[in-house]
Every structure is written in C-alpha cells, then in structure tokens.
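**Student:** Sharing structure_27.cif, mmCIF, C-alpha atoms and all ligand atoms:
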data_my_file
#
loop_
_atom_site.group_PDB
_atom_site.id
_atom_site.type_symbol
_atom_site.label_atom_id
_atom_site.label_comp_id
_atom_site.auth_asym_id
_atom_site.auth_seq_id
_atom_site.Cartn_x
_atom_site.Cartn_y
_atom_site.Cartn_z
ATOM 1 C CA MET A 1 92.732 76.147 137.239
ATOM 2 C CA ALA A 2 90.853 77.767 134.388
ATOM 3 C CA THR A 3 88.649 75.603 132.272
ATOM 4 C CA THR A 4 87.420 76.109 128.762
ATOM 5 C CA ASP A 5 83.967 77.057 130.033
ATOM 6 C CA ASP A 6 85.365 79.995 131.987
ATOM 7 C CA PRO A 7 83.126 82.744 130.574
ATOM 8 C CA VAL A 8 85.817 85.414 130.612
ATOM 9 C CA ARG A 9 89.047 83.815 129.515
ATOM 10 C CA PRO A 10 89.364 83.980 125.741
ATOM 11 C CA VAL A 11 89.783 80.436 124.517
ATOM 12 C CA PRO A 12 91.831 79.598 121.439
ATOM 13 C CA HIS A 13 89.518 79.325 118.473
ATOM 14 C CA ASP A 14 90.163 76.767 115.808
ATOM 15 C CA ALA A 15 88.261 78.972 113.456
ATOM 16 C CA PHE A 16 88.775 82.618 114.306
ATOM 17 C CA PRO A 17 86.507 84.483 111.867
ATOM 18 C CA VAL A 18 89.481 85.994 110.060
ATOM 19 C CA ARG A 19 87.470 87.154 107.073
ATOM 20 C CA ASN A 20 84.739 88.597 109.255
ATOM 21 C CA PRO A 21 86.418 89.759 112.470
ATOM 22 C CA ILE A 22 83.302 91.694 113.479
ATOM 23 C CA GLN A 23 81.878 88.309 114.489
ATOM 24 C CA ALA A 24 84.573 88.013 117.149
ATOM 25 C CA LEU A 25 83.664 91.450 118.495
ATOM 26 C CA LEU A 26 79.961 90.535 118.571
ATOM 27 C CA ARG A 27 80.807 87.407 120.549
ATOM 28 C CA ASP A 28 82.618 89.595 123.115
ATOM 29 C CA HIS A 29 79.665 91.995 123.240
ATOM 30 C CA ASP A 30 77.306 89.118 124.031
ATOM 31 C CA MET A 31 79.569 88.036 126.870
ATOM 32 C CA VAL A 32 79.653 91.572 128.299
ATOM 33 C CA ARG A 33 75.839 91.786 128.150
ATOM 34 C CA LYS A 34 75.493 88.423 129.857
ATOM 35 C CA LEU A 35 77.828 89.369 132.694
ATOM 36 C CA ALA A 36 76.194 92.805 133.096
ATOM 37 C CA ASP A 37 72.804 91.050 133.404
ATOM 38 C CA LYS A 38 74.228 88.688 135.973
ATOM 39 C CA TYR A 39 75.719 91.576 137.970
ATOM 40 C CA GLN A 40 72.502 93.590 137.883
ATOM 41 C CA ASN A 41 70.041 90.787 138.563
ATOM 42 C CA THR A 42 71.583 88.662 141.279
ATOM 43 C CA GLN A 43 70.527 88.928 144.906
ATOM 44 C CA SER A 44 73.695 87.247 146.114
ATOM 45 C CA ALA A 45 76.571 89.506 147.206
ATOM 46 C CA GLU A 46 79.029 86.729 146.372
ATOM 47 C CA VAL A 47 77.697 86.233 142.819
ATOM 48 C CA LYS A 48 77.634 90.006 142.319
ATOM 49 C CA LYS A 49 81.252 90.327 143.352
ATOM 50 C CA GLN A 50 82.295 87.505 141.044
ATOM 51 C CA ALA A 51 80.252 88.930 138.134
ATOM 52 C CA ALA A 52 81.861 92.364 138.682
ATOM 53 C CA THR A 53 85.364 90.896 138.488
ATOM 54 C CA GLN A 54 84.529 88.886 135.364
ATOM 55 C CA LEU A 55 82.787 91.842 133.738
ATOM 56 C CA ILE A 56 85.728 94.180 134.343
ATOM 57 C CA GLN A 57 88.068 91.557 132.875
ATOM 58 C CA ALA A 58 85.830 90.983 129.842
ATOM 59 C CA ILE A 59 85.565 94.713 129.117
ATOM 60 C CA HIS A 60 89.299 95.148 129.590
ATOM 61 C CA THR A 61 90.182 92.320 127.193
ATOM 62 C CA HIS A 62 87.694 93.484 124.569
ATOM 63 C CA SER A 63 88.926 97.074 124.813
ATOM 64 C CA ARG A 64 92.536 95.981 124.320
ATOM 65 C CA LEU A 65 91.529 94.077 121.178
ATOM 66 C CA GLU A 66 89.631 97.035 119.720
ATOM 67 C CA GLU A 67 92.096 99.731 120.759
ATOM 68 C CA GLY A 68 95.178 97.702 119.906
ATOM 69 C CA VAL A 69 94.123 96.196 116.595
ATOM 70 C CA PHE A 70 90.594 96.747 115.306
ATOM 71 C CA TYR A 71 90.338 100.536 115.591
ATOM 72 C CA PRO A 72 93.842 101.211 114.227
ATOM 73 C CA GLY A 73 93.011 98.887 111.318
ATOM 74 C CA VAL A 74 89.805 100.763 110.555
ATOM 75 C CA ARG A 75 91.577 104.093 111.059
ATOM 76 C CA ARG A 76 93.970 103.185 108.240
ATOM 77 C CA VAL A 77 90.965 102.937 105.958
ATOM 78 C CA ASP A 78 88.969 105.909 107.252
ATOM 79 C CA PRO A 79 89.846 107.795 110.445
ATOM 80 C CA ASN A 80 86.466 109.517 110.561
ATOM 81 C CA LEU A 81 84.639 106.239 111.061
ATOM 82 C CA ILE A 82 85.939 105.564 114.541
ATOM 83 C CA ALA A 83 86.958 108.857 116.207
ATOM 84 C CA ARG A 84 83.854 109.002 118.426
ATOM 85 C CA TYR A 85 84.165 105.355 119.442
ATOM 86 C CA GLU A 86 87.753 105.937 120.498
ATOM 87 C CA GLU A 87 86.537 108.813 122.675
ATOM 88 C CA ASP A 88 84.048 106.489 124.386
ATOM 89 C CA HIS A 89 86.911 104.106 125.091
ATOM 90 C CA LEU A 90 88.930 106.807 126.860
ATOM 91 C CA ALA A 91 86.045 107.400 129.268
ATOM 92 C CA VAL A 92 85.569 103.668 129.899
ATOM 93 C CA ASP A 93 89.321 103.153 130.376
ATOM 94 C CA ASP A 94 89.292 105.886 133.056
ATOM 95 C CA LEU A 95 86.501 104.086 134.911
ATOM 96 C CA LEU A 96 88.307 100.747 134.592
ATOM 97 C CA ALA A 97 91.500 102.290 135.983
ATOM 98 C CA THR A 98 89.627 103.698 138.985
ATOM 99 C CA LEU A 99 87.834 100.409 139.622
ATOM 100 C CA HIS A 100 91.039 98.400 139.273
ATOM 101 C CA GLY A 101 91.925 96.949 142.623
ATOM 102 C CA MET A 102 89.012 98.679 144.365
ATOM 103 C CA PRO A 103 87.303 96.244 146.741
ATOM 104 C CA MET A 104 83.773 95.574 145.512
ATOM 105 C CA ILE A 105 82.504 96.212 149.041
ATOM 106 C CA ASP A 106 83.767 99.795 148.765
ATOM 107 C CA ASP A 107 80.811 102.253 148.823
ATOM 108 C CA ARG A 108 82.085 103.869 145.615
ATOM 109 C CA ALA A 109 82.232 100.612 143.681
ATOM 110 C CA GLU A 110 78.502 100.083 143.099
ATOM 111 C CA PRO A 111 77.688 103.498 141.525
ATOM 112 C CA MET A 112 80.875 103.290 139.505
ATOM 113 C CA MET A 113 79.945 99.808 138.232
ATOM 114 C CA ARG A 114 76.519 101.161 137.273
ATOM 115 C CA GLU A 115 78.149 104.024 135.375
ATOM 116 C CA LEU A 116 80.564 101.609 133.665
ATOM 117 C CA ILE A 117 77.759 99.253 132.620
ATOM 118 C CA ALA A 118 75.594 102.082 131.249
ATOM 119 C CA ALA A 119 78.513 103.538 129.267
ATOM 120 C CA VAL A 120 79.635 100.183 127.879
ATOM 121 C CA LEU A 121 76.154 98.936 126.926
ATOM 122 C CA SER A 122 75.400 102.182 125.115
ATOM 123 C CA HIS A 123 78.779 102.054 123.339
ATOM 124 C CA ILE A 124 78.458 98.474 122.142
ATOM 125 C CA ARG A 125 74.924 99.161 120.944
ATOM 126 C CA GLN A 126 76.231 102.050 118.840
ATOM 127 C CA GLU A 127 79.012 99.900 117.443
ATOM 128 C CA GLU A 128 76.455 97.276 116.456
ATOM 129 C CA GLU A 129 73.825 99.656 115.104
ATOM 130 C CA GLN A 130 76.094 102.165 113.386
ATOM 131 C CA LEU A 131 79.776 101.310 113.054
ATOM 132 C CA PHE A 132 79.494 97.663 112.026
ATOM 133 C CA PRO A 133 76.753 98.296 109.422
ATOM 134 C CA GLU A 134 78.808 101.214 108.048
ATOM 135 C CA LEU A 135 81.799 98.929 107.676
ATOM 136 C CA LYS A 136 79.667 96.291 105.990
ATOM 137 C CA GLN A 137 78.182 98.836 103.646
ATOM 138 C CA ALA A 138 81.651 100.078 102.693
ATOM 139 C CA ALA A 139 82.369 96.456 101.677
ATOM 140 C CA LEU A 140 85.906 96.701 103.049
ATOM 141 C CA ASP A 141 88.099 93.666 103.021
ATOM 142 C CA LEU A 142 88.677 93.154 106.749
ATOM 143 C CA THR A 143 90.872 90.073 106.346
ATOM 144 C CA THR A 144 94.119 91.894 107.193
ATOM 145 C CA ILE A 145 92.552 93.266 110.375
ATOM 146 C CA GLY A 146 91.124 89.798 111.081
ATOM 147 C CA LEU A 147 94.565 88.189 110.854
ATOM 148 C CA GLU A 148 96.014 90.816 113.182
ATOM 149 C CA MET A 149 93.166 90.254 115.653
ATOM 150 C CA GLN A 150 93.651 86.494 115.510
ATOM 151 C CA ALA A 151 97.351 86.901 116.352
ATOM 152 C CA PHE A 152 96.577 89.420 119.112
ATOM 153 C CA GLU A 153 94.001 87.124 120.722
ATOM 154 C CA ALA A 154 96.291 84.076 120.483
ATOM 155 C CA ASN A 155 99.037 86.083 122.150
ATOM 156 C CA LEU A 156 96.669 87.185 124.909
ATOM 157 C CA VAL A 157 95.582 83.589 125.565
ATOM 158 C CA HIS A 158 99.242 82.575 125.722
ATOM 159 C CA LEU A 159 100.072 85.393 128.159
ATOM 160 C CA GLN A 160 97.108 84.634 130.398
ATOM 161 C CA ALA A 161 98.014 80.933 130.441
ATOM 162 C CA GLN A 162 101.539 81.886 131.534
ATOM 163 C CA LEU A 163 100.199 84.152 134.265
ATOM 164 C CA SER A 164 97.827 81.483 135.537
ATOM 165 C CA ASP A 165 100.684 78.924 135.535
ATOM 166 C CA GLN A 166 102.780 81.308 137.589
ATOM 167 C CA GLY A 167 99.841 81.856 139.935
ATOM 168 C CA ALA A 168 99.315 78.090 140.294
ATOM 169 C CA ARG A 169 102.992 77.545 141.141
ATOM 170 C CA ARG A 170 103.011 80.143 143.924
HETATM 171 FE FE FE B 201 84.393 99.649 121.396
HETATM 172 FE FE FE B 202 83.141 96.561 120.940
#
Show me this structure written as structure tokens.

**Tutor:**
Amino acid sequence: MATTDDPVRPVPHDAFPVRNPIQALLRDHDMVRKLADKYQNTQSAEVKKQAATQLIQAIHTHSRLEEGVFYPGVRRVDPNLIARYEEDHLAVDDLLATLHGMPMIDDRAEPMMRELIAAVLSHIRQEEEQLFPELKQAALDLTTIGLEMQAFEANLVHLQAQLSDQGARR
C-alpha cells in the first residue's frame, strides 16, 4: 500500500500554492532531479530498476499537469511563450511511450533512459531559467491556472488511489 512518503505519488496538499502554481512545478522538478540522481548513481541493479520506474512515473505525471493545464493556461495569455517547451514535451512523450512496458533489463532501456534524463533535465532547467522568470516578469495573475492545477492534481490523486485500491483487491 502506498504511503505518504512515497516519493512519486502526488499527495493531497492542504495548501496547494494556488496563487503561485510555479512552486508546484518546481517541487516536481526537484523530485525528478532526485530520482535521476538516484538512477545514475546507484550500483545496485535493483535500486536502479526501482528508480527508473519511479522516474518515468514522476515525469509522466508532471508532463500531464503541464500539458493538460499549465501550458494551455499560459497559451491563453501568450502562445509564443511556450511553443518551444511544448515541442520538447512531444520528444519526451515519444521516449516515454517507447519505454512504457519495456523491461529495464532490455539492452535498449539503459541508453533510452540516459537520453530521457538528458532531455528532461535540460528542459526543466530552461523552464526554470527562462520560462518561469519570463512569467514572473510579465506579472501575470496565475491564480486561475493555479486553481485548475489544484483540481487536476486532486483528481489525479483520486484516480491513482482508486487504481491502487483495485490493485490491492486483486
Ligand atoms: Fe515542461
Ligand atoms: Fe516542468
């Protein structure tokens, strides 16, 4: 059964940063970096396999949040701000789709994980160094986007809880 210290599962937040939703994205980015470090630095095949699964899940969840809510919200304000980030996401989504269900012992998995990690780390760095400061500078009110993200995340937590209940009952 999942616990609240599961590093991947989004936990319900009493105080989702509705007025500053970028904080929620930064929190995800930190988690992705931590799991990428774990994957790259462990000597244990078992830990590596587990880190790969968690990392893929963390990237997937974060991408859904950005693609489903954050990017469309920003696009309403200024489509030019995020076009290149959306392109990055297409490439990462392709890699995720190929890795999905691939056994981590598969010879192709390791180079593909390395490619995924390099692409994602570079992308999140650009979001943090360029996109987020640009949004701050534009002094946009992100509260509407924040409320949508809060609802999206709550829904995701609910869905995952349902899935894990179903899994536990099998
Ligand atoms: Fe992104
Ligand atoms: Fe991001």

**Student:** Counting all atoms listed in the file, which residues in segment 48-75 of chain A sit no more than 9 Å from segment 148-152 of chain A? For each one, give the nearest pair of atoms and the distance in Å, sorted by chain then residue number, as CSV.

**Tutor:**
residue,atom,partner,partner_atom,distance
A:Leu65,CA,A:Met149,CA,6.9
A:Glu66,CA,A:Met149,CA,8.7
A:Gly68,CA,A:Phe152,CA,8.4
A:Val69,CA,A:Met149,CA,6.1
A:Phe70,CA,A:Met149,CA,7.0
A:Gly73,CA,A:Glu148,CA,8.8

**Student:** Compute the set of protein, DNA and RNA residues whose minimum atom distance to ligand FE 201 (chain B) is at most 7 Å, using only C-alpha atoms and all ligand atoms, and state it as a ChimeraX atom specification.

**Tutor:** /A:63,66,85,89,123-124,127

**Student:** Which chains and residue numbers are within 12 Å of ligand FE 202 (chain B), counting only C-alpha atoms and all ligand atoms, if I want them as a VMD selection string?

**Tutor:** chain A and resid 21 to 33 58 to 67 69 to 71 82 85 to 86 88 to 89 92 119 to 132

**Student:** Based on the selection just made, write C-alpha atoms of those residues as a tab-separated table (two decimals), in the coordinates of the input.

**Tutor:**
chain	number	residue	atom	x	y	z
A	21	PRO	CA	86.42	89.76	112.47
A	22	ILE	CA	83.30	91.69	113.48
A	23	GLN	CA	81.88	88.31	114.49
A	24	ALA	CA	84.57	88.01	117.15
A	25	LEU	CA	83.66	91.45	118.50
A	26	LEU	CA	79.96	90.54	118.57
A	27	ARG	CA	80.81	87.41	120.55
A	28	ASP	CA	82.62	89.60	123.12
A	29	HIS	CA	79.67	92.00	123.24
A	30	ASP	CA	77.31	89.12	124.03
A	31	MET	CA	79.57	88.04	126.87
A	32	VAL	CA	79.65	91.57	128.30
A	33	ARG	CA	75.84	91.79	128.15
A	58	ALA	CA	85.83	90.98	129.84
A	59	ILE	CA	85.56	94.71	129.12
A	60	HIS	CA	89.30	95.15	129.59
A	61	THR	CA	90.18	92.32	127.19
A	62	HIS	CA	87.69	93.48	124.57
A	63	SER	CA	88.93	97.07	124.81
A	64	ARG	CA	92.54	95.98	124.32
A	65	LEU	CA	91.53	94.08	121.18
A	66	GLU	CA	89.63	97.04	119.72
A	67	GLU	CA	92.10	99.73	120.76
A	69	VAL	CA	94.12	96.20	116.60
A	70	PHE	CA	90.59	96.75	115.31
A	71	TYR	CA	90.34	100.54	115.59
A	82	ILE	CA	85.94	105.56	114.54
A	85	TYR	CA	84.16	105.36	119.44
A	86	GLU	CA	87.75	105.94	120.50
A	88	ASP	CA	84.05	106.49	124.39
A	89	HIS	CA	86.91	104.11	125.09
A	92	VAL	CA	85.57	103.67	129.90
A	119	ALA	CA	78.51	103.54	129.27
A	120	VAL	CA	79.64	100.18	127.88
A	121	LEU	CA	76.15	98.94	126.93
A	122	SER	CA	75.40	102.18	125.12
A	123	HIS	CA	78.78	102.05	123.34
A	124	ILE	CA	78.46	98.47	122.14
A	125	ARG	CA	74.92	99.16	120.94
A	126	GLN	CA	76.23	102.05	118.84
A	127	GLU	CA	79.01	99.90	117.44
A	128	GLU	CA	76.46	97.28	116.46
A	129	GLU	CA	73.82	99.66	115.10
A	130	GLN	CA	76.09	102.16	113.39
A	131	LEU	CA	79.78	101.31	113.05
A	132	PHE	CA	79.49	97.66	112.03

**Student:** Rounded to one decimal in Å, what is the spacing between atom CA of Met112 of chain A and atom CA of Leu99 of chain A?

**Tutor:**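 Distance reported for this atom pair: 7.5 Å.
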
**Student:** Any chance you could resolve the PyMOL selection byres (((chain A and resi 35-40) around 7) and not hetatm) against this file and give the residues as a list in words?

**Tutor:**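 Applying the PyMOL selection byres (((chain A and resi 35-40) around 7) and not hetatm) to the structure shown produces Met31, Val32, Arg33, Lys34, Asn41, Thr42, Lys48, Ala51, Ala52, Leu55 and Ile117 of chain A.
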
**Student:** Give me, please, the distance in Å between atom CA of Ile56 of chain A and atom CA of Glu134 of chain A, quoted to one decimal.

**Tutor:**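 Between atom CA of Ile56 of chain A and atom CA of Glu134 of chain A the gap is 28.1 Å.
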
**Student:** Ranking A:Leu163, A:Ala91, A:Val18, A:Ala45 by minimum distance to Glu110 of chain A and counting only C-alpha atoms, which one comes first?

**Tutor:** A:Ala45

**Student:** Could you work out how far atom CA of Arg76 of chain A lies from atom CA of Leu142 of chain A, giving the answer in Å with one decimal?

**Tutor:**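 Interatomic distance here is 11.4 Å.
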
**Student:** Using only C-alpha atoms, can you tell me which of A:Asn20, A:Met104, A:Glu115, A:Gln57 comes closest to Gln160 of chain A?

**Tutor:**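 Among the listed residues, the smallest separation from Gln160 of chain A belongs to A:Gln57.
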
**Student:** Return as JSON the centre and edge lengths, in Å with one decimal, of the box along x, y and z that encloses every atom of segment 143-151 of chain A in the file, padded by 6 Å per side.

**Tutor:**
{"center_x": 94.1, "center_y": 89.9, "center_z": 111.3, "size_x": 18.5, "size_y": 18.8, "size_z": 22.0}

**Student:** Please complete segment 121-146 of chain A with N, CA, C and O atoms and give it back as a PDB file, keeping the file's coordinate frame.

**Tutor:**
ATOM      1  N   LEU A 121      77.294  99.470 127.683  1.00  0.00           N
ATOM      2  CA  LEU A 121      76.154  98.936 126.926  1.00  0.00           C
ATOM      3  C   LEU A 121      75.738  99.905 125.824  1.00  0.00           C
ATOM      4  O   LEU A 121      75.407  99.493 124.707  1.00  0.00           O
ATOM      5  N   SER A 122      75.771 101.202 126.130  1.00  0.00           N
ATOM      6  CA  SER A 122      75.400 102.182 125.115  1.00  0.00           C
ATOM      7  C   SER A 122      76.438 102.183 123.975  1.00  0.00           C
ATOM      8  O   SER A 122      76.075 102.230 122.793  1.00  0.00           O
ATOM      9  N   HIS A 123      77.695 102.060 124.346  1.00  0.00           N
ATOM     10  CA  HIS A 123      78.779 102.054 123.339  1.00  0.00           C
ATOM     11  C   HIS A 123      78.684 100.828 122.412  1.00  0.00           C
ATOM     12  O   HIS A 123      78.766 100.969 121.193  1.00  0.00           O
ATOM     13  N   ILE A 124      78.483  99.659 123.010  1.00  0.00           N
ATOM     14  CA  ILE A 124      78.458  98.474 122.142  1.00  0.00           C
ATOM     15  C   ILE A 124      77.199  98.470 121.266  1.00  0.00           C
ATOM     16  O   ILE A 124      77.227  97.978 120.146  1.00  0.00           O
ATOM     17  N   ARG A 125      76.126  99.072 121.789  1.00  0.00           N
ATOM     18  CA  ARG A 125      74.924  99.161 120.944  1.00  0.00           C
ATOM     19  C   ARG A 125      75.204 100.051 119.732  1.00  0.00           C
ATOM     20  O   ARG A 125      74.809  99.743 118.613  1.00  0.00           O
ATOM     21  N   GLN A 126      75.918 101.156 119.968  1.00  0.00           N
ATOM     22  CA  GLN A 126      76.231 102.050 118.840  1.00  0.00           C
ATOM     23  C   GLN A 126      77.193 101.394 117.850  1.00  0.00           C
ATOM     24  O   GLN A 126      77.070 101.610 116.638  1.00  0.00           O
ATOM     25  N   GLU A 127      78.130 100.614 118.371  1.00  0.00           N
ATOM     26  CA  GLU A 127      79.012  99.900 117.443  1.00  0.00           C
ATOM     27  C   GLU A 127      78.181  98.964 116.562  1.00  0.00           C
ATOM     28  O   GLU A 127      78.385  98.885 115.358  1.00  0.00           O
ATOM     29  N   GLU A 128      77.239  98.267 117.210  1.00  0.00           N
ATOM     30  CA  GLU A 128      76.455  97.276 116.456  1.00  0.00           C
ATOM     31  C   GLU A 128      75.456  97.919 115.502  1.00  0.00           C
ATOM     32  O   GLU A 128      75.197  97.403 114.430  1.00  0.00           O
ATOM     33  N   GLU A 129      74.878  99.062 115.938  1.00  0.00           N
ATOM     34  CA  GLU A 129      73.825  99.656 115.104  1.00  0.00           C
ATOM     35  C   GLU A 129      74.376 100.620 114.068  1.00  0.00           C
ATOM     36  O   GLU A 129      73.719 100.892 113.065  1.00  0.00           O
ATOM     37  N   GLN A 130      75.576 101.178 114.334  1.00  0.00           N
ATOM     38  CA  GLN A 130      76.094 102.165 113.386  1.00  0.00           C
ATOM     39  C   GLN A 130      77.431 101.764 112.752  1.00  0.00           C
ATOM     40  O   GLN A 130      77.537 101.668 111.537  1.00  0.00           O
ATOM     41  N   LEU A 131      78.432 101.554 113.605  1.00  0.00           N
ATOM     42  CA  LEU A 131      79.776 101.310 113.054  1.00  0.00           C
ATOM     43  C   LEU A 131      79.840 100.044 112.198  1.00  0.00           C
ATOM     44  O   LEU A 131      80.305 100.074 111.055  1.00  0.00           O
ATOM     45  N   PHE A 132      79.360  98.926 112.755  1.00  0.00           N
ATOM     46  CA  PHE A 132      79.494  97.663 112.026  1.00  0.00           C
ATOM     47  C   PHE A 132      78.716  97.690 110.709  1.00  0.00           C
ATOM     48  O   PHE A 132      79.255  97.286 109.664  1.00  0.00           O
ATOM     49  N   PRO A 133      77.450  98.200 110.716  1.00  0.00           N
ATOM     50  CA  PRO A 133      76.753  98.296 109.422  1.00  0.00           C
ATOM     51  C   PRO A 133      77.465  99.219 108.427  1.00  0.00           C
ATOM     52  O   PRO A 133      77.500  98.929 107.229  1.00  0.00           O
ATOM     53  N   GLU A 134      78.074 100.311 108.959  1.00  0.00           N
ATOM     54  CA  GLU A 134      78.808 101.214 108.048  1.00  0.00           C
ATOM     55  C   GLU A 134      79.985 100.488 107.401  1.00  0.00           C
ATOM     56  O   GLU A 134      80.259 100.656 106.217  1.00  0.00           O
ATOM     57  N   LEU A 135      80.657  99.672 108.211  1.00  0.00           N
ATOM     58  CA  LEU A 135      81.799  98.929 107.676  1.00  0.00           C
ATOM     59  C   LEU A 135      81.343  97.908 106.643  1.00  0.00           C
ATOM     60  O   LEU A 135      81.982  97.706 105.613  1.00  0.00           O
ATOM     61  N   LYS A 136      80.190  97.279 106.940  1.00  0.00           N
ATOM     62  CA  LYS A 136      79.667  96.291 105.990  1.00  0.00           C
ATOM     63  C   LYS A 136      79.291  96.959 104.684  1.00  0.00           C
ATOM     64  O   LYS A 136      79.569  96.451 103.606  1.00  0.00           O
ATOM     65  N   GLN A 137      78.647  98.122 104.827  1.00  0.00           N
ATOM     66  CA  GLN A 137      78.182  98.836 103.646  1.00  0.00           C
ATOM     67  C   GLN A 137      79.363  99.273 102.775  1.00  0.00           C
ATOM     68  O   GLN A 137      79.281  99.269 101.549  1.00  0.00           O
ATOM     69  N   ALA A 138      80.469  99.637 103.443  1.00  0.00           N
ATOM     70  CA  ALA A 138      81.651 100.078 102.693  1.00  0.00           C
ATOM     71  C   ALA A 138      82.326  98.901 101.991  1.00  0.00           C
ATOM     72  O   ALA A 138      83.250  99.090 101.206  1.00  0.00           O
ATOM     73  N   ALA A 139      81.840  97.684 102.306  1.00  0.00           N
ATOM     74  CA  ALA A 139      82.369  96.456 101.677  1.00  0.00           C
ATOM     75  C   ALA A 139      83.895  96.391 101.729  1.00  0.00           C
ATOM     76  O   ALA A 139      84.547  96.056 100.753  1.00  0.00           O
ATOM     77  N   LEU A 140      84.447  96.749 102.894  1.00  0.00           N
ATOM     78  CA  LEU A 140      85.906  96.701 103.049  1.00  0.00           C
ATOM     79  C   LEU A 140      86.342  95.259 103.210  1.00  0.00           C
ATOM     80  O   LEU A 140      85.615  94.444 103.770  1.00  0.00           O
ATOM     81  N   ASP A 141      87.532  94.983 102.748  1.00  0.00           N
ATOM     82  CA  ASP A 141      88.099  93.666 103.021  1.00  0.00           C
ATOM     83  C   ASP A 141      88.765  93.744 104.399  1.00  0.00           C
ATOM     84  O   ASP A 141      89.778  94.422 104.570  1.00  0.00           O
ATOM     85  N   LEU A 142      88.178  93.065 105.378  1.00  0.00           N
ATOM     86  CA  LEU A 142      88.677  93.154 106.749  1.00  0.00           C
ATOM     87  C   LEU A 142      89.636  92.014 107.086  1.00  0.00           C
ATOM     88  O   LEU A 142      89.985  91.819 108.243  1.00  0.00           O
ATOM     89  N   THR A 143      90.044  91.254 106.070  1.00  0.00           N
ATOM     90  CA  THR A 143      90.872  90.073 106.346  1.00  0.00           C
ATOM     91  C   THR A 143      92.198  90.422 107.016  1.00  0.00           C
ATOM     92  O   THR A 143      92.629  89.729 107.939  1.00  0.00           O
ATOM     93  N   THR A 144      92.837  91.515 106.572  1.00  0.00           N
ATOM     94  CA  THR A 144      94.119  91.894 107.193  1.00  0.00           C
ATOM     95  C   THR A 144      93.906  92.187 108.676  1.00  0.00           C
ATOM     96  O   THR A 144      94.670  91.722 109.531  1.00  0.00           O
ATOM     97  N   ILE A 145      92.863  92.956 108.974  1.00  0.00           N
ATOM     98  CA  ILE A 145      92.552  93.266 110.375  1.00  0.00           C
ATOM     99  C   ILE A 145      92.224  91.975 111.124  1.00  0.00           C
ATOM    100  O   ILE A 145      92.635  91.773 112.266  1.00  0.00           O
ATOM    101  N   GLY A 146      91.490  91.072 110.460  1.00  0.00           N
ATOM    102  CA  GLY A 146      91.124  89.798 111.081  1.00  0.00           C
ATOM    103  C   GLY A 146      92.346  88.970 111.457  1.00  0.00           C
ATOM    104  O   GLY A 146      92.403  88.393 112.543  1.00  0.00           O
TER     105      GLY A 146
END
